[in-house]
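> You'll find data24.txt just under this line, and it carries compact mmCIF, N, CA and C atoms.
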```txt
# COMPACT_ATOMS: atom_id res chain seq x y z
N MET K 1096 43.37 54.04 54.58
CA MET K 1096 42.36 54.52 53.70
C MET K 1096 42.13 53.46 52.63
N LYS K 1097 40.87 53.19 52.30
CA LYS K 1097 40.54 52.22 51.26
C LYS K 1097 40.02 52.96 50.04
N ILE K 1098 40.51 52.55 48.90
CA ILE K 1098 40.05 53.11 47.64
C ILE K 1098 39.62 51.92 46.78
N ASN K 1099 38.31 51.86 46.44
CA ASN K 1099 37.78 50.74 45.66
C ASN K 1099 38.20 49.39 46.23
N ASN K 1100 38.03 49.23 47.53
CA ASN K 1100 38.36 48.00 48.25
C ASN K 1100 39.86 47.66 48.24
N VAL K 1101 40.68 48.60 47.84
CA VAL K 1101 42.13 48.42 47.88
C VAL K 1101 42.66 49.34 48.97
N ILE K 1102 43.49 48.81 49.83
CA ILE K 1102 44.05 49.64 50.89
C ILE K 1102 45.18 50.49 50.32
N ALA K 1103 45.02 51.80 50.43
CA ALA K 1103 46.05 52.72 49.95
C ALA K 1103 47.25 52.64 50.88
N LYS K 1104 48.42 52.68 50.29
CA LYS K 1104 49.64 52.63 51.09
C LYS K 1104 49.87 53.96 51.79
N LYS K 1105 50.42 53.88 52.99
CA LYS K 1105 50.86 55.07 53.70
C LYS K 1105 52.10 55.59 52.98
N ARG K 1106 52.27 56.90 53.01
CA ARG K 1106 53.36 57.52 52.27
C ARG K 1106 54.43 58.06 53.22
N ILE K 1107 55.67 57.74 52.91
CA ILE K 1107 56.81 58.15 53.73
C ILE K 1107 57.69 59.11 52.94
N PHE K 1108 58.12 60.16 53.62
CA PHE K 1108 59.10 61.08 53.05
C PHE K 1108 60.28 61.14 54.01
N VAL K 1109 61.50 61.05 53.47
CA VAL K 1109 62.72 61.01 54.28
C VAL K 1109 63.57 62.24 54.03
N VAL K 1110 63.95 62.91 55.11
CA VAL K 1110 64.85 64.07 55.05
C VAL K 1110 66.13 63.63 55.74
N GLU K 1111 67.17 63.44 54.94
CA GLU K 1111 68.42 62.84 55.43
C GLU K 1111 69.60 63.65 54.92
N GLU K 1112 70.62 63.80 55.74
CA GLU K 1112 71.80 64.60 55.43
C GLU K 1112 72.51 64.14 54.15
N SER K 1113 72.67 62.86 53.99
CA SER K 1113 73.42 62.37 52.84
C SER K 1113 72.53 62.30 51.60
N ASP K 1114 73.15 62.31 50.44
CA ASP K 1114 72.40 62.18 49.19
C ASP K 1114 71.76 60.80 49.10
N ASN K 1115 72.41 59.81 49.67
CA ASN K 1115 71.91 58.44 49.67
C ASN K 1115 71.70 57.99 51.11
N PRO K 1116 70.45 57.97 51.56
CA PRO K 1116 70.20 57.53 52.94
C PRO K 1116 70.81 56.16 53.18
N THR K 1117 71.08 55.88 54.42
CA THR K 1117 71.74 54.63 54.75
C THR K 1117 71.02 53.45 54.13
N GLU K 1118 71.79 52.54 53.62
CA GLU K 1118 71.23 51.38 52.93
C GLU K 1118 70.26 50.62 53.81
N SER K 1119 70.58 50.49 55.09
CA SER K 1119 69.69 49.74 55.97
C SER K 1119 68.33 50.43 56.09
N LEU K 1120 68.30 51.75 56.08
CA LEU K 1120 67.04 52.48 56.15
C LEU K 1120 66.22 52.25 54.88
N VAL K 1121 66.85 52.36 53.72
CA VAL K 1121 66.14 52.17 52.47
C VAL K 1121 65.59 50.75 52.37
N VAL K 1122 66.41 49.76 52.70
CA VAL K 1122 65.96 48.36 52.63
C VAL K 1122 64.80 48.14 53.59
N LEU K 1123 64.92 48.64 54.80
CA LEU K 1123 63.87 48.47 55.80
C LEU K 1123 62.55 49.08 55.31
N LEU K 1124 62.60 50.28 54.79
CA LEU K 1124 61.39 50.96 54.35
C LEU K 1124 60.75 50.27 53.15
N ARG K 1125 61.57 49.78 52.25
CA ARG K 1125 61.04 49.10 51.07
C ARG K 1125 60.41 47.75 51.41
N ASP K 1126 60.80 47.17 52.53
CA ASP K 1126 60.27 45.87 52.94
C ASP K 1126 58.92 45.97 53.65
N ILE K 1127 58.49 47.15 53.98
CA ILE K 1127 57.21 47.31 54.67
C ILE K 1127 56.14 47.56 53.61
N ARG K 1128 55.35 46.56 53.34
CA ARG K 1128 54.42 46.61 52.21
C ARG K 1128 53.30 47.63 52.37
N GLU K 1129 53.01 48.05 53.59
CA GLU K 1129 51.93 49.03 53.80
C GLU K 1129 52.35 50.45 53.45
N TYR K 1130 53.61 50.63 53.08
CA TYR K 1130 54.15 51.97 52.84
C TYR K 1130 54.79 52.08 51.47
N GLU K 1131 54.79 53.31 50.98
CA GLU K 1131 55.58 53.63 49.79
C GLU K 1131 56.44 54.85 50.13
N ILE K 1132 57.65 54.85 49.64
CA ILE K 1132 58.56 55.98 49.83
C ILE K 1132 58.27 56.96 48.72
N ILE K 1133 57.81 58.16 49.08
CA ILE K 1133 57.48 59.14 48.05
C ILE K 1133 58.66 60.04 47.73
N GLY K 1134 59.73 59.95 48.53
CA GLY K 1134 60.91 60.74 48.19
C GLY K 1134 61.90 60.88 49.33
N PHE K 1135 63.09 61.29 48.92
CA PHE K 1135 64.19 61.61 49.83
C PHE K 1135 64.73 62.97 49.44
N THR K 1136 65.20 63.72 50.39
CA THR K 1136 65.94 64.93 50.07
C THR K 1136 66.92 65.22 51.21
N ASN K 1137 67.96 65.96 50.89
CA ASN K 1137 68.91 66.39 51.91
C ASN K 1137 68.84 67.91 52.10
N ASN K 1138 67.75 68.50 51.63
CA ASN K 1138 67.57 69.94 51.70
C ASN K 1138 66.27 70.25 52.43
N LYS K 1139 66.37 70.95 53.55
CA LYS K 1139 65.17 71.21 54.37
C LYS K 1139 64.16 72.11 53.68
N THR K 1140 64.60 73.06 52.88
CA THR K 1140 63.67 73.93 52.18
C THR K 1140 62.87 73.13 51.16
N ASP K 1141 63.57 72.31 50.38
CA ASP K 1141 62.88 71.43 49.42
C ASP K 1141 61.94 70.50 50.17
N ALA K 1142 62.41 69.95 51.27
CA ALA K 1142 61.60 69.01 52.05
C ALA K 1142 60.30 69.66 52.50
N LEU K 1143 60.37 70.84 53.04
CA LEU K 1143 59.17 71.50 53.53
C LEU K 1143 58.17 71.75 52.40
N ASN K 1144 58.67 72.17 51.25
CA ASN K 1144 57.79 72.39 50.11
C ASN K 1144 57.11 71.10 49.67
N ILE K 1145 57.86 70.01 49.64
CA ILE K 1145 57.30 68.71 49.25
C ILE K 1145 56.30 68.24 50.29
N ILE K 1146 56.62 68.41 51.56
CA ILE K 1146 55.72 67.99 52.64
C ILE K 1146 54.40 68.77 52.57
N ILE K 1147 54.48 70.06 52.28
CA ILE K 1147 53.26 70.87 52.15
C ILE K 1147 52.43 70.38 50.97
N GLU K 1148 53.09 70.11 49.87
CA GLU K 1148 52.38 69.70 48.65
C GLU K 1148 51.86 68.26 48.72
N GLU K 1149 52.69 67.35 49.18
CA GLU K 1149 52.36 65.91 49.11
C GLU K 1149 51.65 65.37 50.35
N LYS K 1150 51.78 66.05 51.47
CA LYS K 1150 51.16 65.62 52.74
C LYS K 1150 51.43 64.15 53.06
N PRO K 1151 52.70 63.79 53.25
CA PRO K 1151 53.00 62.39 53.58
C PRO K 1151 52.42 62.00 54.93
N ASP K 1152 52.19 60.71 55.10
CA ASP K 1152 51.69 60.19 56.37
C ASP K 1152 52.78 60.16 57.42
N VAL K 1153 54.03 59.93 56.96
CA VAL K 1153 55.18 59.80 57.86
C VAL K 1153 56.33 60.62 57.31
N VAL K 1154 56.98 61.38 58.19
CA VAL K 1154 58.20 62.11 57.85
C VAL K 1154 59.31 61.57 58.75
N ILE K 1155 60.37 61.10 58.13
CA ILE K 1155 61.55 60.64 58.88
C ILE K 1155 62.63 61.68 58.66
N PHE K 1156 63.18 62.19 59.77
CA PHE K 1156 64.08 63.34 59.70
C PHE K 1156 65.34 63.11 60.53
N ASN K 1157 66.49 63.38 59.91
CA ASN K 1157 67.77 63.35 60.61
C ASN K 1157 67.94 64.67 61.34
N ILE K 1158 67.86 64.64 62.66
CA ILE K 1158 67.86 65.86 63.48
C ILE K 1158 69.17 66.64 63.40
N ARG K 1159 70.26 66.02 63.01
CA ARG K 1159 71.55 66.70 62.99
C ARG K 1159 71.96 67.16 61.59
N MET K 1160 71.03 67.63 60.81
CA MET K 1160 71.36 68.10 59.47
C MET K 1160 72.09 69.43 59.56
N SER K 1161 72.93 69.67 58.59
CA SER K 1161 73.69 70.91 58.57
C SER K 1161 72.76 72.08 58.24
N GLY K 1162 73.23 73.26 58.51
CA GLY K 1162 72.45 74.46 58.22
C GLY K 1162 71.65 74.99 59.39
N GLY K 1163 71.63 74.24 60.50
CA GLY K 1163 70.92 74.72 61.68
C GLY K 1163 69.41 74.76 61.50
N LYS K 1164 68.75 75.31 62.48
CA LYS K 1164 67.29 75.48 62.50
C LYS K 1164 66.53 74.17 62.33
N ASN K 1165 67.09 73.09 62.84
CA ASN K 1165 66.44 71.79 62.70
C ASN K 1165 65.17 71.69 63.53
N LEU K 1166 65.17 72.29 64.70
CA LEU K 1166 63.95 72.27 65.52
C LEU K 1166 62.86 73.13 64.88
N HIS K 1167 63.26 74.23 64.26
CA HIS K 1167 62.30 75.06 63.55
C HIS K 1167 61.68 74.29 62.38
N PHE K 1168 62.50 73.47 61.72
CA PHE K 1168 61.98 72.63 60.63
C PHE K 1168 60.89 71.69 61.15
N ILE K 1169 61.14 71.05 62.28
CA ILE K 1169 60.14 70.15 62.86
C ILE K 1169 58.86 70.92 63.18
N TYR K 1170 59.01 72.10 63.75
CA TYR K 1170 57.86 72.95 64.06
C TYR K 1170 57.05 73.24 62.79
N LYS K 1171 57.73 73.58 61.70
CA LYS K 1171 57.05 73.91 60.45
C LYS K 1171 56.36 72.67 59.86
N VAL K 1172 57.00 71.51 59.96
CA VAL K 1172 56.36 70.28 59.48
C VAL K 1172 55.07 70.04 60.25
N ARG K 1173 55.15 70.14 61.56
CA ARG K 1173 53.97 69.91 62.41
C ARG K 1173 52.89 70.95 62.10
N GLU K 1174 53.29 72.18 61.88
CA GLU K 1174 52.34 73.25 61.59
C GLU K 1174 51.63 73.04 60.25
N THR K 1175 52.33 72.55 59.25
CA THR K 1175 51.76 72.41 57.92
C THR K 1175 51.10 71.05 57.68
N ASN K 1176 51.46 70.07 58.47
CA ASN K 1176 50.90 68.72 58.29
C ASN K 1176 50.74 68.11 59.68
N GLU K 1177 49.75 68.60 60.41
CA GLU K 1177 49.61 68.23 61.82
C GLU K 1177 49.34 66.75 62.04
N ASN K 1178 48.85 66.03 61.04
CA ASN K 1178 48.56 64.61 61.21
C ASN K 1178 49.72 63.69 60.87
N ALA K 1179 50.78 64.24 60.31
CA ALA K 1179 51.92 63.40 59.93
C ALA K 1179 52.59 62.82 61.17
N LYS K 1180 53.00 61.57 61.06
CA LYS K 1180 53.81 60.96 62.10
C LYS K 1180 55.24 61.41 61.83
N ILE K 1181 55.88 62.00 62.83
CA ILE K 1181 57.25 62.48 62.68
C ILE K 1181 58.17 61.56 63.47
N ILE K 1182 59.13 61.00 62.77
CA ILE K 1182 60.12 60.12 63.39
C ILE K 1182 61.49 60.77 63.21
N ILE K 1183 62.16 60.98 64.32
CA ILE K 1183 63.49 61.58 64.31
C ILE K 1183 64.54 60.49 64.40
N LEU K 1184 65.56 60.59 63.56
CA LEU K 1184 66.73 59.74 63.66
C LEU K 1184 67.87 60.63 64.15
N ALA K 1185 68.58 60.16 65.17
CA ALA K 1185 69.66 60.95 65.74
C ALA K 1185 70.84 60.06 66.07
N GLU K 1186 72.02 60.63 66.00
CA GLU K 1186 73.20 59.87 66.40
C GLU K 1186 73.38 59.90 67.91
N HIS K 1187 72.82 60.90 68.55
CA HIS K 1187 72.85 61.00 70.02
C HIS K 1187 71.41 61.28 70.46
N THR K 1188 70.87 60.40 71.29
CA THR K 1188 69.45 60.50 71.60
C THR K 1188 69.14 61.08 72.97
N ASP K 1189 70.11 61.64 73.61
CA ASP K 1189 69.82 62.26 74.90
C ASP K 1189 70.02 63.76 74.78
N GLY K 1190 69.55 64.47 75.76
CA GLY K 1190 69.82 65.89 75.82
C GLY K 1190 68.84 66.78 75.09
N HIS K 1191 69.38 67.88 74.60
CA HIS K 1191 68.62 69.01 74.06
C HIS K 1191 67.62 68.61 72.98
N TYR K 1192 68.06 67.90 71.96
CA TYR K 1192 67.17 67.58 70.85
C TYR K 1192 66.02 66.67 71.27
N ARG K 1193 66.29 65.73 72.15
CA ARG K 1193 65.22 64.84 72.60
C ARG K 1193 64.14 65.63 73.35
N LYS K 1194 64.56 66.47 74.27
CA LYS K 1194 63.60 67.26 75.05
C LYS K 1194 62.81 68.22 74.16
N ALA K 1195 63.51 68.89 73.25
CA ALA K 1195 62.84 69.82 72.35
C ALA K 1195 61.88 69.08 71.42
N SER K 1196 62.26 67.90 70.97
CA SER K 1196 61.40 67.11 70.09
C SER K 1196 60.13 66.69 70.80
N GLU K 1197 60.24 66.35 72.06
CA GLU K 1197 59.05 66.00 72.84
C GLU K 1197 58.11 67.20 72.92
N MET K 1198 58.66 68.39 73.11
CA MET K 1198 57.84 69.59 73.19
C MET K 1198 57.16 69.89 71.85
N LEU K 1199 57.77 69.44 70.75
CA LEU K 1199 57.21 69.67 69.42
C LEU K 1199 56.32 68.51 68.96
N ASN K 1200 56.00 67.61 69.89
CA ASN K 1200 55.11 66.48 69.61
C ASN K 1200 55.64 65.53 68.54
N VAL K 1201 56.95 65.30 68.56
CA VAL K 1201 57.53 64.28 67.68
C VAL K 1201 57.04 62.93 68.17
N ASP K 1202 56.68 62.06 67.25
CA ASP K 1202 56.10 60.78 67.61
C ASP K 1202 57.13 59.78 68.13
N ASP K 1203 58.28 59.73 67.47
CA ASP K 1203 59.34 58.79 67.90
C ASP K 1203 60.70 59.43 67.69
N PHE K 1204 61.61 59.16 68.60
CA PHE K 1204 62.96 59.69 68.58
C PHE K 1204 63.90 58.50 68.70
N LEU K 1205 64.59 58.15 67.62
CA LEU K 1205 65.37 56.92 67.58
C LEU K 1205 66.86 57.20 67.40
N ASP K 1206 67.66 56.37 68.04
CA ASP K 1206 69.11 56.39 67.82
C ASP K 1206 69.36 55.79 66.44
N LYS K 1207 70.03 56.54 65.60
CA LYS K 1207 70.24 56.15 64.21
C LYS K 1207 71.02 54.85 64.06
N THR K 1208 71.92 54.59 64.99
CA THR K 1208 72.74 53.38 64.88
C THR K 1208 72.17 52.20 65.66
N ARG K 1209 71.57 52.44 66.83
CA ARG K 1209 71.09 51.34 67.66
C ARG K 1209 69.64 50.97 67.43
N ASP K 1210 68.81 51.93 67.08
CA ASP K 1210 67.36 51.71 67.07
C ASP K 1210 66.74 51.55 65.69
N ILE K 1211 67.53 51.55 64.63
CA ILE K 1211 66.97 51.51 63.29
C ILE K 1211 66.08 50.29 63.10
N GLY K 1212 66.40 49.19 63.76
CA GLY K 1212 65.57 47.98 63.68
C GLY K 1212 64.19 48.15 64.28
N LYS K 1213 64.02 49.12 65.17
CA LYS K 1213 62.71 49.37 65.78
C LYS K 1213 61.75 50.07 64.82
N LEU K 1214 62.30 50.63 63.78
CA LEU K 1214 61.48 51.39 62.85
C LEU K 1214 60.40 50.53 62.21
N TYR K 1215 60.72 49.30 61.87
CA TYR K 1215 59.75 48.39 61.26
C TYR K 1215 58.53 48.22 62.17
N GLY K 1216 58.76 47.95 63.44
CA GLY K 1216 57.67 47.77 64.39
C GLY K 1216 56.85 49.04 64.58
N ILE K 1217 57.52 50.17 64.65
CA ILE K 1217 56.84 51.45 64.82
C ILE K 1217 55.92 51.72 63.63
N LEU K 1218 56.44 51.52 62.43
CA LEU K 1218 55.65 51.79 61.23
C LEU K 1218 54.51 50.77 61.05
N SER K 1219 54.78 49.53 61.37
CA SER K 1219 53.73 48.51 61.28
C SER K 1219 52.60 48.80 62.25
N ASP K 1220 52.97 49.19 63.47
CA ASP K 1220 51.97 49.53 64.48
C ASP K 1220 51.15 50.74 64.04
N TYR K 1221 51.82 51.75 63.54
CA TYR K 1221 51.13 52.95 63.07
C TYR K 1221 50.15 52.61 61.95
N SER K 1222 50.61 51.79 61.01
CA SER K 1222 49.77 51.41 59.88
C SER K 1222 48.53 50.66 60.32
N SER K 1223 48.69 49.73 61.27
CA SER K 1223 47.55 48.95 61.71
C SER K 1223 46.55 49.81 62.50
N ARG K 1224 47.05 50.81 63.21
CA ARG K 1224 46.15 51.70 63.97
C ARG K 1224 45.45 52.73 63.09
N HIS K 1225 46.01 53.00 61.92
CA HIS K 1225 45.45 54.05 61.06
C HIS K 1225 45.00 53.51 59.70
N SER K 1226 44.63 52.25 59.63
CA SER K 1226 44.14 51.71 58.36
C SER K 1226 42.62 51.76 58.35
N GLY K 1227 42.11 51.67 57.13
CA GLY K 1227 40.66 51.63 56.99
C GLY K 1227 40.10 52.96 57.12
```
As structure tokens, please, write out the structure in this file.

Amino acid sequence: MKINNVIAKKRIFVVEESDNPTESLVVLLRDIREYEIIGFTNNKTDALNIIIEEKPDVVIFNIRMSGGKNLHFIYKVRETNENAKIIILAEHTDGHYRKASEMLNVDDFLDKTRDIGKLYGILSDYSSRHSG
């Protein structure tokens, strides 16, 4: 989106189990100039309220958060912000969560330890396809 000939940055919101998301994730996201991080939370209820209010372009979510109902959270995000790109980070990328995420139209499902480096390319590609 352009505002007064200035390209507005895409907005990222991160829902992560720890109070401090992994350093590599924060560094990676801050290095992508087309994006701004609008917030982090480790609470799914707070996250959903912020997502409804702020309508981020990208939601990055740790699928193995405590408290259960993680798939329901993805469903609610998609329901309230159907245009958001949803990227799942998981410690195990096969099985139940991957299949369920595909059914919920998750855009990308990444292994948290092996695939974090792919995030830069995914976000850059998304930005170039959705600019202007």
> Taking the backbone alone, and naming residues the way the document does, which bits of chain K are strand (DSSP E) by DSSP, as number ranges by chain?
K: 1097-1098, 1101-1102, 1105-1110, 1130-1136, 1153-1157, 1180-1185, 1203-1206
> Using N, CA and C atoms, can you write the selected residues to a file as a short mmCIF file (atom, residue, chain, number, x, y, z; two decimals), in the frame of the given file?

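Just written: part_16.cif:
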```
data_model
loop_
_atom_site.label_atom_id
_atom_site.label_comp_id
_atom_site.auth_asym_id
_atom_site.auth_seq_id
_atom_site.Cartn_x
_atom_site.Cartn_y
_atom_site.Cartn_z
N LYS K 1097 40.87 53.19 52.30
CA LYS K 1097 40.54 52.22 51.26
C LYS K 1097 40.02 52.96 50.04
N ILE K 1098 40.51 52.55 48.90
CA ILE K 1098 40.05 53.11 47.64
C ILE K 1098 39.62 51.92 46.78
N VAL K 1101 40.68 48.60 47.84
CA VAL K 1101 42.13 48.42 47.88
C VAL K 1101 42.66 49.34 48.97
N ILE K 1102 43.49 48.81 49.83
CA ILE K 1102 44.05 49.64 50.89
C ILE K 1102 45.18 50.49 50.32
N LYS K 1105 50.42 53.88 52.99
CA LYS K 1105 50.86 55.07 53.70
C LYS K 1105 52.10 55.59 52.98
N ARG K 1106 52.27 56.90 53.01
CA ARG K 1106 53.36 57.52 52.27
C ARG K 1106 54.43 58.06 53.22
N ILE K 1107 55.67 57.74 52.91
CA ILE K 1107 56.81 58.15 53.73
C ILE K 1107 57.69 59.11 52.94
N PHE K 1108 58.12 60.16 53.62
CA PHE K 1108 59.10 61.08 53.05
C PHE K 1108 60.28 61.14 54.01
N VAL K 1109 61.50 61.05 53.47
CA VAL K 1109 62.72 61.01 54.28
C VAL K 1109 63.57 62.24 54.03
N VAL K 1110 63.95 62.91 55.11
CA VAL K 1110 64.85 64.07 55.05
C VAL K 1110 66.13 63.63 55.74
N TYR K 1130 53.61 50.63 53.08
CA TYR K 1130 54.15 51.97 52.84
C TYR K 1130 54.79 52.08 51.47
N GLU K 1131 54.79 53.31 50.98
CA GLU K 1131 55.58 53.63 49.79
C GLU K 1131 56.44 54.85 50.13
N ILE K 1132 57.65 54.85 49.64
CA ILE K 1132 58.56 55.98 49.83
C ILE K 1132 58.27 56.96 48.72
N ILE K 1133 57.81 58.16 49.08
CA ILE K 1133 57.48 59.14 48.05
C ILE K 1133 58.66 60.04 47.73
N GLY K 1134 59.73 59.95 48.53
CA GLY K 1134 60.91 60.74 48.19
C GLY K 1134 61.90 60.88 49.33
N PHE K 1135 63.09 61.29 48.92
CA PHE K 1135 64.19 61.61 49.83
C PHE K 1135 64.73 62.97 49.44
N THR K 1136 65.20 63.72 50.39
CA THR K 1136 65.94 64.93 50.07
C THR K 1136 66.92 65.22 51.21
N VAL K 1153 54.03 59.93 56.96
CA VAL K 1153 55.18 59.80 57.86
C VAL K 1153 56.33 60.62 57.31
N VAL K 1154 56.98 61.38 58.19
CA VAL K 1154 58.20 62.11 57.85
C VAL K 1154 59.31 61.57 58.75
N ILE K 1155 60.37 61.10 58.13
CA ILE K 1155 61.55 60.64 58.88
C ILE K 1155 62.63 61.68 58.66
N PHE K 1156 63.18 62.19 59.77
CA PHE K 1156 64.08 63.34 59.70
C PHE K 1156 65.34 63.11 60.53
N ASN K 1157 66.49 63.38 59.91
CA ASN K 1157 67.77 63.35 60.61
C ASN K 1157 67.94 64.67 61.34
N LYS K 1180 53.00 61.57 61.06
CA LYS K 1180 53.81 60.96 62.10
C LYS K 1180 55.24 61.41 61.83
N ILE K 1181 55.88 62.00 62.83
CA ILE K 1181 57.25 62.48 62.68
C ILE K 1181 58.17 61.56 63.47
N ILE K 1182 59.13 61.00 62.77
CA ILE K 1182 60.12 60.12 63.39
C ILE K 1182 61.49 60.77 63.21
N ILE K 1183 62.16 60.98 64.32
CA ILE K 1183 63.49 61.58 64.31
C ILE K 1183 64.54 60.49 64.40
N LEU K 1184 65.56 60.59 63.56
CA LEU K 1184 66.73 59.74 63.66
C LEU K 1184 67.87 60.63 64.15
N ALA K 1185 68.58 60.16 65.17
CA ALA K 1185 69.66 60.95 65.74
C ALA K 1185 70.84 60.06 66.07
N ASP K 1203 58.28 59.73 67.47
CA ASP K 1203 59.34 58.79 67.90
C ASP K 1203 60.70 59.43 67.69
N PHE K 1204 61.61 59.16 68.60
CA PHE K 1204 62.96 59.69 68.58
C PHE K 1204 63.90 58.50 68.70
N LEU K 1205 64.59 58.15 67.62
CA LEU K 1205 65.37 56.92 67.58
C LEU K 1205 66.86 57.20 67.40
N ASP K 1206 67.66 56.37 68.04
CA ASP K 1206 69.11 56.39 67.82
C ASP K 1206 69.36 55.79 66.44
#
```
> Contacts of region 1171-1183 of chain K at 8 Å or less, counting only C-alpha atoms, minus same-chain residues fewer than 4 places along, as a PDB file with N, CA and C atoms, in the frame of the given file?

```
ATOM      1  N   LEU K1143      60.370  70.840  53.040  1.00  0.00           N
ATOM      2  CA  LEU K1143      59.170  71.500  53.530  1.00  0.00           C
ATOM      3  C   LEU K1143      58.170  71.750  52.400  1.00  0.00           C
ATOM      4  N   ILE K1146      56.620  68.410  51.560  1.00  0.00           N
ATOM      5  CA  ILE K1146      55.720  67.990  52.640  1.00  0.00           C
ATOM      6  C   ILE K1146      54.400  68.770  52.570  1.00  0.00           C
ATOM      7  N   ILE K1147      54.480  70.060  52.280  1.00  0.00           N
ATOM      8  CA  ILE K1147      53.260  70.870  52.150  1.00  0.00           C
ATOM      9  C   ILE K1147      52.430  70.380  50.970  1.00  0.00           C
ATOM     10  N   LYS K1150      51.780  66.050  51.470  1.00  0.00           N
ATOM     11  CA  LYS K1150      51.160  65.620  52.740  1.00  0.00           C
ATOM     12  C   LYS K1150      51.430  64.150  53.060  1.00  0.00           C
ATOM     13  N   PRO K1151      52.700  63.790  53.250  1.00  0.00           N
ATOM     14  CA  PRO K1151      53.000  62.390  53.580  1.00  0.00           C
ATOM     15  C   PRO K1151      52.420  62.000  54.930  1.00  0.00           C
ATOM     16  N   ASP K1152      52.190  60.710  55.100  1.00  0.00           N
ATOM     17  CA  ASP K1152      51.690  60.190  56.370  1.00  0.00           C
ATOM     18  C   ASP K1152      52.780  60.160  57.420  1.00  0.00           C
ATOM     19  N   VAL K1153      54.030  59.930  56.960  1.00  0.00           N
ATOM     20  CA  VAL K1153      55.180  59.800  57.860  1.00  0.00           C
ATOM     21  C   VAL K1153      56.330  60.620  57.310  1.00  0.00           C
ATOM     22  N   VAL K1154      56.980  61.380  58.190  1.00  0.00           N
ATOM     23  CA  VAL K1154      58.200  62.110  57.850  1.00  0.00           C
ATOM     24  C   VAL K1154      59.310  61.570  58.750  1.00  0.00           C
ATOM     25  N   ILE K1155      60.370  61.100  58.130  1.00  0.00           N
ATOM     26  CA  ILE K1155      61.550  60.640  58.880  1.00  0.00           C
ATOM     27  C   ILE K1155      62.630  61.680  58.660  1.00  0.00           C
ATOM     28  N   PHE K1156      63.180  62.190  59.770  1.00  0.00           N
ATOM     29  CA  PHE K1156      64.080  63.340  59.700  1.00  0.00           C
ATOM     30  C   PHE K1156      65.340  63.110  60.530  1.00  0.00           C
ATOM     31  N   ASN K1157      66.490  63.380  59.910  1.00  0.00           N
ATOM     32  CA  ASN K1157      67.770  63.350  60.610  1.00  0.00           C
ATOM     33  C   ASN K1157      67.940  64.670  61.340  1.00  0.00           C
ATOM     34  N   ILE K1158      67.860  64.640  62.660  1.00  0.00           N
ATOM     35  CA  ILE K1158      67.860  65.860  63.480  1.00  0.00           C
ATOM     36  C   ILE K1158      69.170  66.640  63.400  1.00  0.00           C
ATOM     37  N   HIS K1167      63.260  74.230  64.260  1.00  0.00           N
ATOM     38  CA  HIS K1167      62.300  75.060  63.550  1.00  0.00           C
ATOM     39  C   HIS K1167      61.680  74.290  62.380  1.00  0.00           C
ATOM     40  N   LEU K1199      57.770  69.440  70.750  1.00  0.00           N
ATOM     41  CA  LEU K1199      57.210  69.670  69.420  1.00  0.00           C
ATOM     42  C   LEU K1199      56.320  68.510  68.960  1.00  0.00           C
ATOM     43  N   VAL K1201      56.950  65.300  68.560  1.00  0.00           N
ATOM     44  CA  VAL K1201      57.530  64.280  67.680  1.00  0.00           C
ATOM     45  C   VAL K1201      57.040  62.930  68.170  1.00  0.00           C
ATOM     46  N   ASP K1202      56.680  62.060  67.250  1.00  0.00           N
ATOM     47  CA  ASP K1202      56.100  60.780  67.610  1.00  0.00           C
ATOM     48  C   ASP K1202      57.130  59.780  68.130  1.00  0.00           C
ATOM     49  N   ASP K1203      58.280  59.730  67.470  1.00  0.00           N
ATOM     50  CA  ASP K1203      59.340  58.790  67.900  1.00  0.00           C
ATOM     51  C   ASP K1203      60.700  59.430  67.690  1.00  0.00           C
ATOM     52  N   PHE K1204      61.610  59.160  68.600  1.00  0.00           N
ATOM     53  CA  PHE K1204      62.960  59.690  68.580  1.00  0.00           C
ATOM     54  C   PHE K1204      63.900  58.500  68.700  1.00  0.00           C
ATOM     55  N   LEU K1205      64.590  58.150  67.620  1.00  0.00           N
ATOM     56  CA  LEU K1205      65.370  56.920  67.580  1.00  0.00           C
ATOM     57  C   LEU K1205      66.860  57.200  67.400  1.00  0.00           C
TER      58      LEU K1205
END
```
> CA of Leu1214 (chain K) and atom C of Val1122 (chain K) are how many Å apart?
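These two atoms are separated by 10.4 Å.
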> Closest to Asn1138 (chain K) among K:Ala1195, K:Leu1184, K:Val1109, K:Ala1103, using all atoms listed in the file?
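Of K:Ala1195, K:Leu1184, K:Val1109, K:Ala1103, the one nearest Asn1138 (chain K), counting all atoms listed in the file, is K:Val1109.
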> Go ahead and compute the interatomic distance for CA of Ser1222 (chain K) and CA of Thr1140 (chain K), in Å to one decimal.
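Result for CA of Ser1222 (chain K) versus CA of Thr1140 (chain K): 27.6 Å, one decimal.
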> Find the distance between atom N of Tyr1192 (chain K) and CA of Leu1123 (chain K) and write it in Å to one decimal.
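One can read the atom N of Tyr1192 (chain K) to CA of Leu1123 (chain K) distance as 25.6 Å.
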> Please report, as JSON, numbers by chain, each residue of chain K to which DSSP assigns alpha helix (DSSP H) when run on this structure's backbone.
{"K": [1118, 1119, 1120, 1121, 1122, 1123, 1124, 1125, 1139, 1140, 1141, 1142, 1143, 1144, 1145, 1146, 1147, 1148, 1149, 1165, 1166, 1167, 1168, 1169, 1170, 1171, 1172, 1173, 1174, 1175, 1191, 1192, 1193, 1194, 1195, 1196, 1197, 1198, 1213, 1214, 1215, 1216, 1217, 1218, 1219, 1220, 1221, 1222, 1223, 1224]}
> With all atoms listed in the file as the basis for distance, which of K:His1191, K:Glu1131, K:Arg1224, K:Val1121 is at the shortest distance from Lys1104 (chain K)?
K:Glu1131
> With all atoms of region 1153-1165 of chain K from the file as input, state the centre and edge lengths in Å to one decimal of the axis-aligned box that has 5 Å extra on each side, as AutoDock Vina command-line options.

```
--center_x 63.9 --center_y 67.6 --center_z 60.2 --size_x 29.7 --size_y 25.7 --size_z 16.6
```
